[in-house]
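Participant: First, the structure itself, so that you have it in front of you.
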Amino acid sequence: MTDLRHRLPTALAYGAAVLAALLGPAPLFVALVVALGALGAVELRRLAAHRSAATRAAAALWLVAGLAALVALRLGGPGWVLAALVPTWAADVVSYVAGRRFGTTRIAPRLSPGKTVEGTAAGVVAAAAAAFAIAVAVGLPALTLLVIALLAGPVALAGDLFESSLKRGAGVKDSGTLLPGHGGVLDRIDSLLATAPLVLVAVLLG
């Protein structure tokens, strides 16, 4: 688990910064989202530079919709953002650890060679459990809870694989080098950019 020890300090610092901004005044969190968006846009422009117009449009929509959803969720209160953040983080951490320890079957070897069926399954379960805990803690309606618990894990995986496809097309392993052990900003928020719109829709429908 040497790689995990290398990744952990960055993950803790990133998580602490996000939570501090989230629990502070709303404009502080919005400023953080804008900053992450600006850095992510620079990385995305490089990753999608030689892709088709349709792919570039899809990538732009993925980034903008995800960031806009985070801002909209924060306007509803920190609890709404936590309903997106915590399941996504749970899926990310558990799938990584379980995949490294127990994974044998690659789920998408051409896009993301390190991702396994076993790790992904553990991540989906972890996301569902985290969604349930957060939704109950912040008092989200039953329908919202169900949608997030069932879909957070698979949607987070889709966001991760979408970014992996962009990186594969660009011939790079990471979207950038800003975050030691993690790569670039997009490598850290790829799943969240997919789960935030899901949670926003679930909250609005609930």
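All residue names refer to the structure tokens as shown: chains lettered A, B, ... in order, residues numbered from 1 in each chain, ligands numbered from 1 in order.
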Which residues, written as an MDAnalysis selection string, have at least one atom at most 12 Å from A:Leu63, with only C-alpha atoms counted and residues fewer than 3 positions away on the same chain left out?

Facilitator: chainID A and resid 33:34 36:45 56:60 66:70 159 162:163 185:186 189:197

Participant: Could you find all residues in stretch 20-186 of chain A that DSSP calls helix (DSSP H, G or I) from the backbone, and write them as a VMD selection string?

Facilitator: chain A and resid 20 to 23 26 to 47 53 to 76 78 to 102 117 to 138 142 to 170 185 to 186

Participant: Given the selection you just returned, output its residues as a file containing C-alpha atoms, formatted as a compact mmCIF listing (two decimals), in the first residue's frame.

Facilitator:
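Generated file (selection.txt):
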# COMPACT_ATOMS: atom_id res chain seq x y z
CA ALA A 20 -13.77 24.04 5.28
CA ALA A 21 -15.11 25.93 2.27
CA LEU A 22 -18.39 24.01 2.36
CA LEU A 23 -19.05 24.74 6.02
CA ALA A 26 -21.65 30.05 0.58
CA PRO A 27 -19.51 32.49 -1.48
CA LEU A 28 -16.37 30.76 -0.18
CA PHE A 29 -17.53 27.41 -1.53
CA VAL A 30 -18.59 29.00 -4.81
CA ALA A 31 -15.11 30.56 -5.11
CA LEU A 32 -13.54 27.13 -4.58
CA VAL A 33 -15.78 25.60 -7.25
CA VAL A 34 -14.88 28.38 -9.68
CA ALA A 35 -11.17 27.86 -8.98
CA LEU A 36 -11.44 24.11 -9.49
CA GLY A 37 -13.43 24.75 -12.65
CA ALA A 38 -10.81 27.10 -14.08
CA LEU A 39 -8.01 24.62 -13.38
CA GLY A 40 -10.11 21.74 -14.69
CA ALA A 41 -10.94 23.65 -17.87
CA VAL A 42 -7.24 24.10 -18.63
CA GLU A 43 -6.69 20.36 -18.19
CA LEU A 44 -9.78 19.49 -20.19
CA ARG A 45 -8.75 21.69 -23.10
CA ARG A 46 -5.51 19.74 -23.34
CA LEU A 47 -7.16 16.33 -23.00
CA ALA A 53 -16.47 18.21 -31.80
CA ALA A 54 -19.09 15.95 -30.21
CA THR A 55 -16.59 14.65 -27.65
CA ARG A 56 -15.39 18.15 -26.83
CA ALA A 57 -18.99 19.28 -26.36
CA ALA A 58 -19.74 16.31 -24.10
CA ALA A 59 -16.61 17.01 -22.07
CA ALA A 60 -17.52 20.68 -21.68
CA LEU A 61 -21.06 19.75 -20.62
CA TRP A 62 -19.69 17.24 -18.09
CA LEU A 63 -17.50 19.92 -16.50
CA VAL A 64 -19.96 22.82 -16.57
CA ALA A 65 -23.01 20.80 -15.49
CA GLY A 66 -21.08 19.22 -12.63
CA LEU A 67 -19.77 22.52 -11.33
CA ALA A 68 -23.14 24.25 -11.72
CA ALA A 69 -24.82 21.42 -9.82
CA LEU A 70 -22.37 21.80 -6.95
CA VAL A 71 -23.13 25.52 -6.71
CA ALA A 72 -26.89 24.88 -6.87
CA LEU A 73 -26.61 22.24 -4.16
CA ARG A 74 -24.68 24.61 -1.90
CA LEU A 75 -27.41 27.21 -2.28
CA GLY A 76 -29.75 24.63 -0.79
CA PRO A 78 -24.20 22.22 3.00
CA GLY A 79 -26.15 19.00 3.59
CA TRP A 80 -27.14 18.81 -0.06
CA VAL A 81 -23.50 19.05 -1.12
CA LEU A 82 -22.52 16.39 1.41
CA ALA A 83 -25.09 14.09 -0.19
CA ALA A 84 -22.97 14.29 -3.35
CA LEU A 85 -19.51 14.49 -1.79
CA VAL A 86 -19.60 11.72 0.79
CA PRO A 87 -20.93 8.87 -1.42
CA THR A 88 -18.48 9.89 -4.15
CA TRP A 89 -15.56 9.92 -1.76
CA ALA A 90 -16.68 6.63 -0.20
CA ALA A 91 -16.87 4.97 -3.62
CA ASP A 92 -13.47 6.35 -4.60
CA VAL A 93 -11.64 5.29 -1.43
CA VAL A 94 -13.26 1.88 -0.98
CA SER A 95 -13.00 0.89 -4.64
CA TYR A 96 -9.31 1.85 -4.65
CA VAL A 97 -8.45 -0.03 -1.45
CA ALA A 98 -10.60 -3.08 -2.21
CA GLY A 99 -9.38 -3.20 -5.79
CA ARG A 100 -5.74 -3.10 -4.72
CA ARG A 101 -6.27 -5.78 -2.09
CA PHE A 102 -8.81 -8.13 -3.65
CA VAL A 117 -14.86 -5.60 -10.81
CA GLU A 118 -14.24 -6.44 -7.17
CA GLY A 119 -13.10 -2.94 -6.25
CA THR A 120 -15.93 -1.33 -8.19
CA ALA A 121 -18.54 -3.54 -6.51
CA ALA A 122 -17.17 -2.63 -3.09
CA GLY A 123 -17.23 1.04 -4.07
CA VAL A 124 -20.86 0.88 -5.18
CA VAL A 125 -21.86 -0.69 -1.86
CA ALA A 126 -19.85 1.92 0.06
CA ALA A 127 -21.48 4.74 -1.90
CA ALA A 128 -24.95 3.37 -1.13
CA ALA A 129 -24.16 3.08 2.57
CA ALA A 130 -22.69 6.59 2.67
CA ALA A 131 -25.67 8.01 0.77
CA PHE A 132 -28.06 6.40 3.22
CA ALA A 133 -26.16 7.75 6.23
CA ILE A 134 -25.88 11.30 4.88
CA ALA A 135 -29.45 11.44 3.60
CA VAL A 136 -30.80 10.34 6.98
CA ALA A 137 -28.49 12.77 8.80
CA VAL A 138 -29.62 15.79 6.79
CA ALA A 142 -37.19 8.88 1.06
CA LEU A 143 -37.30 9.14 -2.75
CA THR A 144 -34.16 11.28 -2.80
CA LEU A 145 -32.43 8.81 -0.50
CA LEU A 146 -33.37 5.87 -2.73
CA VAL A 147 -32.22 7.50 -5.96
CA ILE A 148 -28.88 8.58 -4.53
CA ALA A 149 -28.22 5.26 -2.76
CA LEU A 150 -28.96 3.21 -5.87
CA LEU A 151 -27.24 5.37 -8.46
CA ALA A 152 -24.39 7.26 -6.78
CA GLY A 153 -21.87 4.42 -7.18
CA PRO A 154 -22.59 3.59 -10.84
CA VAL A 155 -22.79 7.27 -11.82
CA ALA A 156 -19.50 8.01 -10.05
CA LEU A 157 -17.92 5.15 -12.01
CA ALA A 158 -19.29 6.58 -15.26
CA GLY A 159 -17.71 9.95 -14.51
CA ASP A 160 -14.39 8.28 -13.75
CA LEU A 161 -14.45 6.21 -16.94
CA PHE A 162 -15.42 9.21 -19.05
CA GLU A 163 -12.34 11.08 -17.89
CA SER A 164 -10.28 7.93 -18.42
CA SER A 165 -11.45 7.83 -22.03
CA LEU A 166 -10.30 11.41 -22.51
CA LYS A 167 -6.92 10.64 -21.00
CA ARG A 168 -6.57 7.50 -23.10
CA GLY A 169 -7.35 9.50 -26.23
CA ALA A 170 -4.75 12.10 -25.25
CA VAL A 185 -7.81 18.50 -10.69
CA LEU A 186 -9.98 16.47 -13.06

Participant: For a test of reading the model, state the distance in Å between atom CA of A:Val18 and atom CA of A:Ala49, rounded to one decimal.

Facilitator: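 Between atom CA of A:Val18 and atom CA of A:Ala49 the gap works out to 29.2 Å.
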
Participant: Between atom CA of A:Pro180 and atom CA of A:Ala11, what is the distance in Å, rounded to a tenth?

Facilitator: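 A separation of 9.2 Å between them.
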
Participant: Would you mind reading off the distance between atom CA of A:Gly114 and atom CA of A:Gly171, one decimal, in Å?

Facilitator: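 Atom-to-atom, atom CA of A:Gly114 and atom CA of A:Gly171 are spaced 16.0 Å apart.
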